[in-house]
Each structure stands twice: as structure tokens, then as C-alpha cells.
>>> print(open('data-v8.csv').read())   # CSV, C-alpha atoms (C1' of nucleotides)
chain,number,residue,atom,x,y,z
A,1,MET,CA,0.0,0.0,0.0
A,2,PRO,CA,2.4,2.6,-1.1
A,3,GLU,CA,1.6,6.1,0.1
A,4,LEU,CA,3.9,9.2,0.1
A,5,PRO,CA,6.7,7.8,2.3
A,6,GLU,CA,7.0,4.6,0.4
A,7,VAL,CA,6.9,6.3,-3.0
A,8,GLU,CA,9.5,8.8,-1.8
A,9,VAL,CA,11.8,5.9,-0.7
A,10,VAL,CA,11.4,4.4,-4.2
A,11,ARG,CA,12.0,7.8,-5.8
A,12,ARG,CA,15.3,8.2,-4.0
A,13,GLY,CA,16.3,4.7,-5.1
A,14,LEU,CA,15.5,5.6,-8.7
A,15,GLU,CA,17.5,8.8,-8.5
A,16,ARG,CA,20.5,6.8,-7.4
A,17,GLY,CA,19.8,3.9,-9.8
A,18,VAL,CA,18.7,5.3,-13.1
A,19,ALA,CA,19.3,9.1,-13.4
A,20,GLY,CA,21.9,9.9,-16.0
A,21,ARG,CA,21.5,6.6,-17.8
A,22,THR,CA,20.3,6.0,-21.4
A,23,ILE,CA,17.6,3.5,-22.3
A,24,ALA,CA,18.7,0.8,-24.7
A,25,THR,CA,15.7,-1.6,-24.7
A,26,ALA,CA,12.2,-1.5,-23.4
A,27,GLN,CA,9.8,-4.4,-23.1
A,28,VAL,CA,6.1,-4.4,-22.1
A,29,LEU,CA,5.2,-7.8,-20.9
A,30,HIS,CA,1.6,-7.0,-19.9
A,31,PRO,CA,-0.4,-4.4,-21.8
A,32,ARG,CA,-2.5,-3.4,-18.8
A,33,ALA,CA,0.7,-2.0,-17.2
A,34,VAL,CA,0.7,0.7,-19.8
A,35,ARG,CA,-3.1,1.3,-20.1
A,36,ARG,CA,-2.6,4.9,-19.1
A,37,HIS,CA,-0.5,5.3,-22.2
A,38,PRO,CA,-3.3,5.8,-24.8
A,39,ALA,CA,-1.2,5.3,-27.9
A,40,GLY,CA,-0.3,1.8,-26.8
A,41,PRO,CA,2.7,-0.4,-25.8
A,42,GLN,CA,4.5,0.1,-29.2
A,43,ASP,CA,4.4,3.9,-28.9
A,44,PHE,CA,5.4,3.6,-25.3
A,45,THR,CA,8.6,1.8,-26.1
A,46,ASP,CA,9.3,3.9,-29.2
A,47,LEU,CA,9.3,7.1,-27.1
A,48,LEU,CA,11.9,5.5,-24.7
A,49,LEU,CA,14.6,4.1,-26.9
A,50,GLY,CA,17.8,6.1,-26.9
A,51,ARG,CA,16.4,8.5,-24.3
A,52,THR,CA,18.4,9.5,-21.2
A,53,VAL,CA,16.7,9.7,-17.8
A,54,THR,CA,17.7,13.0,-16.2
A,55,ALA,CA,16.2,12.7,-12.7
A,56,ALA,CA,13.5,11.0,-10.5
A,57,ARG,CA,10.7,13.2,-9.2
A,58,ARG,CA,7.4,12.7,-7.3
A,59,ARG,CA,4.1,14.4,-6.8
A,60,GLY,CA,1.9,12.8,-4.2
A,61,LYS,CA,2.0,9.1,-4.9
A,62,TYR,CA,3.0,9.5,-8.5
A,63,LEU,CA,6.6,9.2,-9.7
A,64,TRP,CA,8.1,10.5,-12.9
A,65,LEU,CA,11.4,10.1,-14.7
A,66,PRO,CA,12.1,13.2,-16.9
A,67,LEU,CA,13.8,12.3,-20.2
A,68,ASP,CA,16.1,14.3,-22.3
A,69,SER,CA,13.3,14.4,-25.0
A,70,GLY,CA,11.2,16.6,-22.7
A,71,ASP,CA,8.8,13.7,-22.0
A,72,ALA,CA,8.8,11.7,-18.8
A,73,ILE,CA,8.0,8.2,-17.7
A,74,VAL,CA,5.1,8.6,-15.4
A,75,GLY,CA,4.5,5.8,-12.9
A,76,HIS,CA,2.0,4.9,-10.2
A,77,LEU,CA,2.5,1.9,-8.0
A,78,GLY,CA,-1.2,1.4,-7.3
A,79,MET,CA,-1.7,-1.2,-4.6
A,80,SER,CA,1.1,-3.6,-5.3
A,81,GLY,CA,3.5,-2.0,-7.8
A,82,GLN,CA,7.3,-2.1,-7.4
A,83,LEU,CA,10.0,-0.2,-9.4
A,84,LEU,CA,13.1,-2.2,-9.0
A,85,VAL,CA,16.7,-1.6,-10.1
A,86,VAL,CA,18.2,-5.1,-10.4
A,87,PRO,CA,21.0,-6.9,-12.1
A,88,VAL,CA,20.1,-8.0,-15.7
A,89,GLU,CA,20.9,-11.6,-14.9
A,90,LYS,CA,18.3,-11.7,-12.1
A,91,PRO,CA,15.5,-14.1,-13.1
A,92,ALA,CA,12.2,-12.4,-14.0
A,93,GLU,CA,9.8,-11.8,-11.1
A,94,PRO,CA,6.4,-13.6,-11.4
A,95,HIS,CA,4.6,-10.3,-12.0
A,96,LEU,CA,7.1,-8.5,-14.1
A,97,ARG,CA,5.2,-6.1,-16.4
A,98,VAL,CA,7.8,-3.8,-17.9
A,99,ARG,CA,11.5,-3.9,-18.1
A,100,LEU,CA,14.0,-1.3,-19.3
A,101,ALA,CA,17.6,-2.0,-20.0
A,102,PHE,CA,20.3,0.7,-20.3
A,103,THR,CA,23.2,1.3,-22.8
A,104,ASP,CA,25.8,0.9,-20.0
A,105,GLY,CA,24.8,-2.7,-19.6
A,106,GLY,CA,24.3,-2.2,-15.8
A,107,ARG,CA,21.3,-2.9,-13.6
A,108,GLU,CA,17.9,-2.7,-15.3
A,109,LEU,CA,14.7,-1.0,-14.3
A,110,ARG,CA,11.7,-3.4,-13.7
A,111,PHE,CA,8.1,-2.6,-13.0
A,112,VAL,CA,6.6,-5.5,-11.1
A,113,ASP,CA,2.9,-5.4,-10.1
A,114,GLN,CA,0.8,-8.3,-8.8
A,115,ARG,CA,-2.6,-6.6,-8.8
A,116,THR,CA,-1.9,-4.3,-11.8
A,117,PHE,CA,-3.6,-1.3,-10.3
A,118,GLY,CA,-0.4,0.6,-11.0
A,119,GLY,CA,1.1,1.4,-14.4
A,120,LEU,CA,3.5,3.4,-16.5
A,121,ALA,CA,3.0,5.9,-19.3
A,122,VAL,CA,5.2,8.3,-21.3
A,123,ALA,CA,3.8,11.9,-21.1
A,124,ALA,CA,4.8,15.3,-22.2
A,125,GLY,CA,5.7,18.1,-19.8
A,126,GLY,CA,8.3,16.0,-18.0
A,127,ALA,CA,10.6,18.9,-17.3
A,128,VAL,CA,8.2,20.6,-14.9
A,129,LEU,CA,5.1,18.4,-14.3
A,130,PRO,CA,3.8,15.8,-16.7
A,131,HIS,CA,0.4,16.8,-18.0
A,132,PRO,CA,-1.5,13.8,-16.6
A,133,LEU,CA,-0.5,15.0,-13.1
A,134,ALA,CA,-1.7,18.5,-13.4
A,135,HIS,CA,-4.7,17.9,-11.1
A,136,ILE,CA,-2.7,16.3,-8.3
A,137,ALA,CA,-2.2,18.7,-5.4
A,138,LEU,CA,1.1,19.4,-3.6
A,139,ASP,CA,1.8,17.1,-0.7
A,140,PRO,CA,1.9,18.5,2.8
A,141,ILE,CA,5.6,18.2,3.2
A,142,ASP,CA,6.3,20.1,0.0
A,143,PRO,CA,7.8,23.5,0.9
A,144,ASP,CA,5.3,25.2,-1.4
A,145,PHE,CA,2.3,23.6,0.2
A,146,ASP,CA,0.0,26.5,1.3
A,147,ASP,CA,-1.7,25.8,4.7
A,148,ALA,CA,-4.2,28.7,4.4
A,149,THR,CA,-5.4,27.6,1.0
A,150,PHE,CA,-5.7,24.0,2.1
A,151,THR,CA,-7.8,25.0,5.2
A,152,ALA,CA,-10.1,27.3,3.1
A,153,ARG,CA,-10.7,24.6,0.5
A,154,LEU,CA,-11.2,21.9,3.2
A,155,ARG,CA,-13.8,24.1,5.1
A,156,ALA,CA,-15.6,24.8,1.8
A,157,ARG,CA,-16.2,21.1,1.2
A,158,LYS,CA,-19.3,19.2,2.2
A,159,THR,CA,-17.9,15.9,3.0
A,160,GLY,CA,-16.2,13.9,5.8
A,161,ILE,CA,-12.7,14.9,6.8
A,162,LYS,CA,-11.2,11.5,6.0
A,163,ARG,CA,-12.7,11.6,2.5
A,164,ALA,CA,-11.1,15.0,2.1
A,165,LEU,CA,-7.7,13.7,3.2
A,166,LEU,CA,-7.9,11.0,0.6
A,167,ASP,CA,-8.8,13.4,-2.2
A,168,GLN,CA,-5.5,13.8,-4.1
A,169,THR,CA,-6.7,17.1,-5.7
A,170,LEU,CA,-6.9,18.7,-2.2
A,171,VAL,CA,-3.8,17.3,-0.6
A,172,SER,CA,-1.7,14.5,-2.1
A,173,GLY,CA,0.3,11.6,-0.8
A,174,VAL,CA,-2.1,10.5,2.0
A,175,GLY,CA,-3.8,7.1,1.7
A,176,ASN,CA,-5.9,5.0,4.0
A,177,ILE,CA,-3.1,4.1,6.4
A,178,TYR,CA,-1.7,7.5,7.0
A,179,ALA,CA,-5.2,9.1,7.0
A,180,ASP,CA,-6.1,6.9,9.9
A,181,GLU,CA,-2.8,7.5,11.7
A,182,ALA,CA,-3.1,11.3,11.3
A,183,LEU,CA,-6.7,11.4,12.4
A,184,TRP,CA,-5.8,9.4,15.5
A,185,ARG,CA,-2.9,11.7,16.3
A,186,ALA,CA,-5.1,14.8,15.8
A,187,ARG,CA,-7.9,13.3,17.8
A,188,LEU,CA,-10.4,13.8,15.0
A,189,HIS,CA,-13.0,11.4,13.7
A,190,GLY,CA,-12.9,10.8,10.0
A,191,ALA,CA,-16.7,11.4,9.6
A,192,ARG,CA,-16.4,14.9,11.0
A,193,PRO,CA,-18.1,17.2,8.5
A,194,THR,CA,-15.4,19.4,6.8
A,195,GLU,CA,-17.5,22.5,7.0
A,196,THR,CA,-17.4,22.3,10.8
A,197,VAL,CA,-13.6,21.9,11.1
A,198,THR,CA,-12.2,25.0,12.8
A,199,ARG,CA,-9.0,26.6,11.7
A,200,PRO,CA,-7.1,25.4,14.8
A,201,GLU,CA,-8.4,21.9,14.2
A,202,ALA,CA,-7.3,22.1,10.5
A,203,ALA,CA,-3.8,23.2,11.7
A,204,ARG,CA,-3.7,20.3,14.2
A,205,LEU,CA,-4.7,17.9,11.4
A,206,LEU,CA,-2.0,19.2,9.0
A,207,ALA,CA,0.6,19.0,11.8
A,208,ALA,CA,-0.4,15.4,12.5
A,209,VAL,CA,-0.3,14.4,8.8
A,210,ARG,CA,3.2,15.9,8.5
A,211,ALA,CA,4.4,14.2,11.7
A,212,VAL,CA,3.1,10.8,10.6
A,213,LEU,CA,4.6,11.1,7.0
A,214,ARG,CA,7.9,12.3,8.3
A,215,ALA,CA,8.2,9.5,10.9
A,216,SER,CA,7.4,6.9,8.3
A,217,LEU,CA,9.8,8.4,5.9
A,218,GLU,CA,12.6,8.2,8.5
A,219,ALA,CA,11.7,4.5,9.1
A,220,GLY,CA,11.9,3.8,5.4
A,221,GLY,CA,8.2,3.5,4.9
A,222,THR,CA,5.5,1.1,6.2
A,223,SER,CA,5.5,-2.5,5.2
A,224,PHE,CA,3.3,-5.5,6.1
A,225,ASP,CA,4.7,-8.0,3.7
A,226,ALA,CA,7.1,-8.4,0.8
A,227,LEU,CA,5.0,-6.3,-1.5
A,228,TYR,CA,6.3,-2.9,-0.7
A,229,VAL,CA,10.0,-2.5,-1.1
A,230,SER,CA,12.4,0.2,-2.2
A,231,ALA,CA,14.1,0.2,-5.6
A,232,GLU,CA,16.8,-1.8,-4.0
A,233,GLY,CA,14.3,-4.3,-2.6
A,234,VAL,CA,14.6,-3.2,1.0
A,235,SER,CA,11.4,-3.3,3.2
A,236,GLY,CA,10.3,-0.4,5.5
A,237,LEU,CA,10.0,-0.6,9.3
A,238,PHE,CA,7.2,1.8,10.1
A,239,ALA,CA,4.5,-0.9,10.6
A,240,ARG,CA,5.6,-1.5,14.2
A,241,GLU,CA,4.9,2.2,15.0
A,242,LEU,CA,1.3,2.4,13.8
A,243,ASP,CA,-1.2,3.7,16.4
A,244,ALA,CA,-4.6,3.0,14.6
A,245,TYR,CA,-4.4,1.3,11.3
A,246,GLY,CA,-4.6,-2.5,11.6
A,247,ARG,CA,-5.0,-2.4,15.4
A,248,GLU,CA,-8.7,-3.4,15.8
A,249,GLY,CA,-9.3,-4.6,19.3
A,250,GLU,CA,-5.9,-3.6,20.5
A,251,PRO,CA,-5.5,-0.9,23.2
A,252,CYS,CA,-5.2,2.7,22.1
A,253,HIS,CA,-1.7,3.9,22.8
A,254,ARG,CA,-3.1,7.0,24.6
A,255,CYS,CA,-6.1,5.8,26.6
A,256,ALA,CA,-6.1,2.0,26.3
A,257,THR,CA,-9.6,1.9,24.9
A,258,PRO,CA,-9.8,-0.9,22.2
A,259,ILE,CA,-9.3,0.5,18.7
A,260,ARG,CA,-12.4,0.1,16.5
A,261,ARG,CA,-12.6,-0.8,12.9
A,262,THR,CA,-15.6,0.3,10.7
A,263,ALA,CA,-16.4,0.0,7.0
A,264,PHE,CA,-15.6,3.0,4.9
A,265,MET,CA,-15.7,3.5,1.2
A,266,ASN,CA,-15.4,-0.2,0.4
A,267,ARG,CA,-12.4,-0.4,2.8
A,268,SER,CA,-12.1,0.3,6.5
A,269,SER,CA,-11.2,2.9,9.1
A,270,SER,CA,-9.4,2.3,12.4
A,271,TRP,CA,-10.0,4.7,15.2
A,272,CYS,CA,-10.2,5.2,18.9
A,273,PRO,CA,-13.8,5.6,20.1
A,274,ARG,CA,-12.7,7.6,23.1
A,275,CYS,CA,-10.0,9.9,21.7
A,276,GLN,CA,-11.9,10.3,18.4
A,277,PRO,CA,-15.6,10.3,19.3
A,278,ARG,CA,-17.9,10.0,16.3
A,279,PRO,CA,-19.7,13.3,15.7
A,280,ARG,CA,-23.5,13.4,16.1
A,281,ARG,CA,-23.7,14.9,12.6
A,282,ALA,CA,-21.4,12.5,10.7
A,283,ARG,CA,-20.4,12.4,7.0
A,284,ASP,CA,-18.9,9.1,6.2
B,285,DA,C1',-18.5,22.5,-9.4
B,286,DC,C1',-18.6,19.1,-6.5
B,287,DC,C1',-19.8,14.6,-4.6
B,288,DC,C1',-19.9,9.7,-4.7
B,289,DA,C1',-20.6,4.8,-6.3
B,290,DC,C1',-18.4,1.7,-9.0
B,291,DC,C1',-14.8,-0.8,-11.1
B,292,DC,C1',-10.2,-2.5,-12.2
B,293,DC,C1',-7.0,-7.0,-10.1
B,294,DT,C1',-4.8,-11.1,-7.6
B,295,DG,C1',-3.2,-13.7,-3.7
B,296,DG,C1',-3.3,-14.5,1.2
B,297,DG,C1',-6.1,-15.8,4.9
B,298,DC,C1',-9.8,-17.8,6.9
B,299,DG,C1',-14.2,-20.4,7.6
B,300,DC,C1',-16.6,-24.5,6.6
C,301,DT,C1',-6.9,-30.8,3.2
C,302,DG,C1',-9.3,-28.2,-0.1
C,303,DC,C1',-12.4,-25.1,-1.9
C,304,DG,C1',-14.3,-20.7,-2.3
C,305,DC,C1',-15.3,-16.3,-0.4
C,306,DC,C1',-13.7,-11.9,1.3
C,307,DC,C1',-10.5,-8.4,1.8
C,308,DA,C1',-6.7,-5.2,0.7
C,309,DG,C1',-7.3,-0.4,-1.8
C,310,DG,C1',-5.8,4.2,-5.4
C,311,DG,C1',-7.7,6.6,-8.7
C,312,DG,C1',-10.2,7.3,-13.1
C,313,DT,C1',-14.8,7.5,-14.8
C,314,DG,C1',-19.4,8.6,-15.3
C,315,DG,C1',-23.8,9.7,-13.3
C,316,DG,C1',-26.3,12.7,-10.1
>>> encode(input="data-v8.csv", output="C-alpha cells")
Amino acid sequence: MPELPEVEVVRRGLERGVAGRTIATAQVLHPRAVRRHPAGPQDFTDLLLGRTVTAARRRGKYLWLPLDSGDAIVGHLGMSGQLLVVPVEKPAEPHLRVRLAFTDGGRELRFVDQRTFGGLAVAAGGAVLPHPLAHIALDPIDPDFDDATFTARLRARKTGIKRALLDQTLVSGVGNIYADEALWRARLHGARPTETVTRPEAARLLAAVRAVLRASLEAGGTSFDALYVSAEGVSGLFARELDAYGREGEPCHRCATPIRRTAFMNRSSSWCPRCQPRPRRARD
DNA sequence: ACCCACCCCTGGGCGC
DNA sequence: TGCGCCCAGGGGTGGG
């Protein structure tokens, strides 16, 4: 379940592993992996051959690799995607979808994705922000993130606060895990109507989101199994620090009340019924 | 303009 | 032991 910290760890690995290198061959092994490239797999590979990767960037949960052509390889890991930089002789992973080899003959870039919610595309606008990412908001640890604008937009919404946190056009990088963690830390219930959130509460929420994201980043991301790994295949350690997510029935780390788990948007929310009481007027 | 339900996908875990 | 169901969930899309 890669969210901002996991994607940032992968980005750093890609920066180390592929920036400055020139693509020699590109293979699409599963067409669904490039479904966001409307012109199809052949066009995808055509746009890559002979191109040099100049950097590795991220917006929210999206990654992109700017190319010397002005395009960029845009990637999203979805639920189970991995971007790995591995020796060419390493046997193909079971869910290998795309592989890129480089002219220097060194380690190759592999996109591996079990559930194929993720994917790659080549898009224009790579030098600044690839066009398909224009609607994605800045993330809350970006220096240019504007707290006042976020708060105003949040309070103008008519939805629940957790839904708003998961809306990548309002604030990016936060998924189900870190939304629950941040709400727990800020002592806010996810069904709290956004239009009733006070400015101090919004500030508290933002501070909590940032604290959770930064702590996870320091731990190398959250991992529950072998699915999420860095570009070098290393797993994160933040799972043992979680306060809400996945802790149903276990004591709240603040008040010892058992953490509750409730259905939310075809998934689930974990929260402390004492620290985060459900509002009378709730918007789930 | 905004909100939300739906759908895409596969393997692990669990109940029977 | 084996089968089948449920769950994990990000984000694009289309309808309201």
C-alpha cells in the first residue's frame, strides 16, 4: 500500500539507480501495465529508446522520470507495484510487467505489479510536471504547500474529513493508512463534516499528517509483507509504529480503549472511540 | 462544481 | 486438506 513515504523511498532509489542513464531496450510484458499510455505499448517503447533519464521526481503518490526528450516516464505503484533496479541476470519476477535496460549494460529497471492497479506511461511536460499529473495537489511536506489555501478549501467542502484527506486534488500523498494515523494523532473522527472543522483543528490535522509522514519516511516506509520494497528491494519498518491502522481490538496507545474498525468506502477505518468520538452529525 | 458509487485486479487468509 | 469467499485499496470515470 504505497503512500507518500513509500513512494518517496522508491524515488530516492530511482534517483541513485537510473538518473543519467540512457535506455537501450524497453519491453512491455503486460499491456495493462501501460493502459494509461493511450497510444499503446509500441508507442510507449518507441518514445523511450535512446532517451536519457535525467532525474527522478514525485508528486503525491506519482513518480516520474524526466527524459532528455522533454517527455517523462510517469508511474503509479497502485496497490502492489514495485519499481526495482536489479542486475540484468536476475530471473524475471512472477509479476514482471515492464523492463527497461540501459546502454551501459548495468542494472535494469523493472516494473513488477501483482494486482496491476499501477502502471507506467510516457507523457509530455516532464521537465516541470507531466500533463497527466496537473490535477494532483502538492503534498503537505512540500515547501510550497499552502496551509491557508488547504484550510479554506477543506472548510468549503461538504464531505467527511477522511474523504477529504484521501482526495488527491486537495492534498496528495495520503492514503488509508496515514489518514487513519493522522486522524488518531489529531484526535479527530474521519466522519467529521469538513465545514465544521475549525482553523485550529485544521492546523492540528496538518501537523499530524506531517508528523506521521515524516516519521514513516525516517523508518523507510511502512511494510506489512514483501509487496512494498524500495528500488533496492529493502522493506520499510514503520508498521511497528502504527497507532490506529490494523490495530482493531488492541488498546489505544493514549487511553487503552480498544481500537475500533468500521467500514468506509469499500475499505475500512481504524479509530479510537474515546480519543476520536464519532460526531453526532457524521459524514462518512 | 462538487460529490460519490463503481470498477479495475490477484493472492493470502480464513471459515466451513 | 481443499475449496471458495472476502479483503486489501488508489484513482479514473461517469452519473447525479
>>> atom_distance(input="data-v8.csv", atom1="CA of Leu129 (chain A)", atom2="CA of Ser172 (chain A)")
14.5 Å
>>> closest_atom_pairs(input="data-v8.csv", of="chain A", to="chain B", cutoff="8 Å", atoms="only C-alpha atoms (C1' of nucleotides)", output="CSV")
residue,atom,partner,partner_atom,distance
A:Gln114,CA,B:DT294,C1',6.4
A:Arg115,CA,B:DC293,C1',4.6
A:Thr116,CA,B:DC293,C1',6.0
A:Phe117,CA,B:DC293,C1',6.6
A:Thr159,CA,B:DC287,C1',7.9
>>> residues_around(input="data-v8.csv", residues="region 185-199 of chain A", least_positions_apart="4", cutoff="8 Å", atoms="all atoms listed in the file", output="number ranges by chain")
A: 151, 154-164, 180-181, 203-205, 208, 271, 275-279, 281-284
>>> write_last_selection(input="data-v8.csv", atoms="C-alpha atoms", output="CSV table (one decimal), keeping the file's coordinate frame")
chain,number,residue,atom,x,y,z
A,151,THR,CA,-7.8,25.0,5.2
A,154,LEU,CA,-11.2,21.9,3.2
A,155,ARG,CA,-13.8,24.1,5.1
A,156,ALA,CA,-15.6,24.8,1.8
A,157,ARG,CA,-16.2,21.1,1.2
A,158,LYS,CA,-19.3,19.2,2.2
A,159,THR,CA,-17.9,15.9,3.0
A,160,GLY,CA,-16.2,13.9,5.8
A,161,ILE,CA,-12.7,14.9,6.8
A,162,LYS,CA,-11.2,11.5,6.0
A,163,ARG,CA,-12.7,11.6,2.5
A,164,ALA,CA,-11.1,15.0,2.1
A,180,ASP,CA,-6.1,6.9,9.9
A,181,GLU,CA,-2.8,7.5,11.7
A,203,ALA,CA,-3.8,23.2,11.7
A,204,ARG,CA,-3.7,20.3,14.2
A,205,LEU,CA,-4.7,17.9,11.4
A,208,ALA,CA,-0.4,15.4,12.5
A,271,TRP,CA,-10.0,4.7,15.2
A,275,CYS,CA,-10.0,9.9,21.7
A,276,GLN,CA,-11.9,10.3,18.4
A,277,PRO,CA,-15.6,10.3,19.3
A,278,ARG,CA,-17.9,10.0,16.3
A,279,PRO,CA,-19.7,13.3,15.7
A,281,ARG,CA,-23.7,14.9,12.6
A,282,ALA,CA,-21.4,12.5,10.7
A,283,ARG,CA,-20.4,12.4,7.0
A,284,ASP,CA,-18.9,9.1,6.2
>>> closest_residue(input="data-v8.csv", among="A:Glu6, A:Glu108, A:Asp243, A:Asp167", to="chain C", atoms="all atoms listed in the file")
A:Asp167
>>> closest_residue(input="data-v8.csv", among="A:Val86, A:Leu109, A:Leu77, A:Val171", to="DG309 (chain C)", atoms="only C-alpha atoms (C1' of nucleotides)")
A:Leu77
>>> interface_residues(input="data-v8.csv", of="chain C", to="chain A", cutoff="9 Å", atoms="only C-alpha atoms (C1' of nucleotides)", output="list of chain:residue names")
C:DC307, C:DA308, C:DG309, C:DG310, C:DG311
>>> atom_distance(input="data-v8.csv", atom1="C1' of DG312 (chain C)", atom2="CA of Asp113 (chain A)")
18.5 Å
>>> atom_distance(input="data-v8.csv", atom1="CA of Gly75 (chain A)", atom2="CA of Phe102 (chain A)")
18.2 Å
>>> residues_around(input="data-v8.csv", residues="region 255-262 of chain A", least_positions_apart="5", cutoff="10 Å", atoms="all atoms listed in the file", output="VMD selection string")
chain A and resid 243 to 250 267 to 275
>>> write_last_selection(input="data-v8.csv", atoms="C-alpha atoms", output="PDB file, in the frame of the given file")
ATOM      1  CA  ASP A 243      -1.200   3.700  16.400  1.00  0.00           C
ATOM      2  CA  ALA A 244      -4.600   3.000  14.600  1.00  0.00           C
ATOM      3  CA  TYR A 245      -4.400   1.300  11.300  1.00  0.00           C
ATOM      4  CA  GLY A 246      -4.600  -2.500  11.600  1.00  0.00           C
ATOM      5  CA  ARG A 247      -5.000  -2.400  15.400  1.00  0.00           C
ATOM      6  CA  GLU A 248      -8.700  -3.400  15.800  1.00  0.00           C
ATOM      7  CA  GLY A 249      -9.300  -4.600  19.300  1.00  0.00           C
ATOM      8  CA  GLU A 250      -5.900  -3.600  20.500  1.00  0.00           C
ATOM      9  CA  ARG A 267     -12.400  -0.400   2.800  1.00  0.00           C
ATOM     10  CA  SER A 268     -12.100   0.300   6.500  1.00  0.00           C
ATOM     11  CA  SER A 269     -11.200   2.900   9.100  1.00  0.00           C
ATOM     12  CA  SER A 270      -9.400   2.300  12.400  1.00  0.00           C
ATOM     13  CA  TRP A 271     -10.000   4.700  15.200  1.00  0.00           C
ATOM     14  CA  CYS A 272     -10.200   5.200  18.900  1.00  0.00           C
ATOM     15  CA  PRO A 273     -13.800   5.600  20.100  1.00  0.00           C
ATOM     16  CA  ARG A 274     -12.700   7.600  23.100  1.00  0.00           C
ATOM     17  CA  CYS A 275     -10.000   9.900  21.700  1.00  0.00           C
TER      18      CYS A 275
END
>>> residues_around(input="data-v8.csv", residues="Glu241 (chain A)", least_positions_apart="5", cutoff="10 Å", atoms="all atoms listed in the file", output="JSON, numbers by chain")
{"A": [181, 212, 215, 216, 219, 222]}
>>> build_atoms(input="data-v8.csv", residues="region 145-167 of chain A", atoms="N, CA and C atoms", output="mmCIF file, in the coordinates of the input")
data_model
loop_
_atom_site.group_PDB
_atom_site.id
_atom_site.type_symbol
_atom_site.label_atom_id
_atom_site.label_comp_id
_atom_site.auth_asym_id
_atom_site.auth_seq_id
_atom_site.Cartn_x
_atom_site.Cartn_y
_atom_site.Cartn_z
ATOM 1 N N PHE A 145 3.657 23.908 -0.202
ATOM 2 C CA PHE A 145 2.300 23.600 0.200
ATOM 3 C C PHE A 145 1.760 24.811 1.034
ATOM 4 N N ASP A 146 0.546 25.261 0.678
ATOM 5 C CA ASP A 146 0.000 26.500 1.300
ATOM 6 C C ASP A 146 -1.100 26.064 2.317
ATOM 7 N N ASP A 147 -0.791 26.223 3.605
ATOM 8 C CA ASP A 147 -1.700 25.800 4.700
ATOM 9 C C ASP A 147 -3.037 26.543 4.615
ATOM 10 N N ALA A 148 -2.962 27.850 4.365
ATOM 11 C CA ALA A 148 -4.200 28.700 4.400
ATOM 12 C C ALA A 148 -5.132 28.256 3.257
ATOM 13 N N THR A 149 -4.565 28.002 2.085
ATOM 14 C CA THR A 149 -5.400 27.600 1.000
ATOM 15 C C THR A 149 -6.016 26.216 1.231
ATOM 16 N N PHE A 150 -5.214 25.312 1.774
ATOM 17 C CA PHE A 150 -5.700 24.000 2.100
ATOM 18 C C PHE A 150 -6.914 24.122 3.094
ATOM 19 N N THR A 151 -6.728 24.903 4.143
ATOM 20 C CA THR A 151 -7.800 25.000 5.200
ATOM 21 C C THR A 151 -9.044 25.642 4.583
ATOM 22 N N ALA A 152 -8.883 26.640 3.744
ATOM 23 C CA ALA A 152 -10.100 27.300 3.100
ATOM 24 C C ALA A 152 -10.804 26.279 2.237
ATOM 25 N N ARG A 153 -10.050 25.538 1.449
ATOM 26 C CA ARG A 153 -10.700 24.600 0.500
ATOM 27 C C ARG A 153 -11.334 23.436 1.340
ATOM 28 N N LEU A 154 -10.664 23.009 2.393
ATOM 29 C CA LEU A 154 -11.200 21.900 3.200
ATOM 30 C C LEU A 154 -12.555 22.373 3.825
ATOM 31 N N ARG A 155 -12.594 23.579 4.373
ATOM 32 C CA ARG A 155 -13.800 24.100 5.100
ATOM 33 C C ARG A 155 -14.924 24.391 4.084
ATOM 34 N N ALA A 156 -14.568 24.560 2.799
ATOM 35 C CA ALA A 156 -15.600 24.800 1.800
ATOM 36 C C ALA A 156 -16.268 23.548 1.297
ATOM 37 N N ARG A 157 -15.686 22.414 1.669
ATOM 38 C CA ARG A 157 -16.200 21.100 1.200
ATOM 39 C C ARG A 157 -17.434 20.715 2.027
ATOM 40 N N LYS A 158 -18.219 19.831 1.446
ATOM 41 C CA LYS A 158 -19.300 19.200 2.200
ATOM 42 C C LYS A 158 -19.163 17.729 2.158
ATOM 43 N N THR A 159 -18.201 17.291 2.930
ATOM 44 C CA THR A 159 -17.900 15.900 3.000
ATOM 45 C C THR A 159 -17.304 15.542 4.327
ATOM 46 N N GLY A 160 -16.894 14.300 4.535
ATOM 47 C CA GLY A 160 -16.200 13.900 5.800
ATOM 48 C C GLY A 160 -14.731 14.220 5.664
ATOM 49 N N ILE A 161 -14.116 14.430 6.832
ATOM 50 C CA ILE A 161 -12.700 14.900 6.800
ATOM 51 C C ILE A 161 -11.779 13.794 6.312
ATOM 52 N N LYS A 162 -12.120 12.514 6.508
ATOM 53 C CA LYS A 162 -11.200 11.500 6.000
ATOM 54 C C LYS A 162 -11.322 11.397 4.453
ATOM 55 N N ARG A 163 -12.530 11.508 3.937
ATOM 56 C CA ARG A 163 -12.700 11.600 2.500
ATOM 57 C C ARG A 163 -11.858 12.694 1.892
ATOM 58 N N ALA A 164 -11.888 13.837 2.565
ATOM 59 C CA ALA A 164 -11.100 15.000 2.100
ATOM 60 C C ALA A 164 -9.629 14.705 2.086
ATOM 61 N N LEU A 165 -9.152 14.042 3.155
ATOM 62 C CA LEU A 165 -7.700 13.700 3.200
ATOM 63 C C LEU A 165 -7.275 12.781 2.126
ATOM 64 N N LEU A 166 -8.206 11.944 1.673
ATOM 65 C CA LEU A 166 -7.900 11.000 0.600
ATOM 66 C C LEU A 166 -8.020 11.548 -0.773
ATOM 67 N N ASP A 167 -8.555 12.768 -0.861
ATOM 68 C CA ASP A 167 -8.800 13.400 -2.200
ATOM 69 C C ASP A 167 -7.452 14.032 -2.635
#
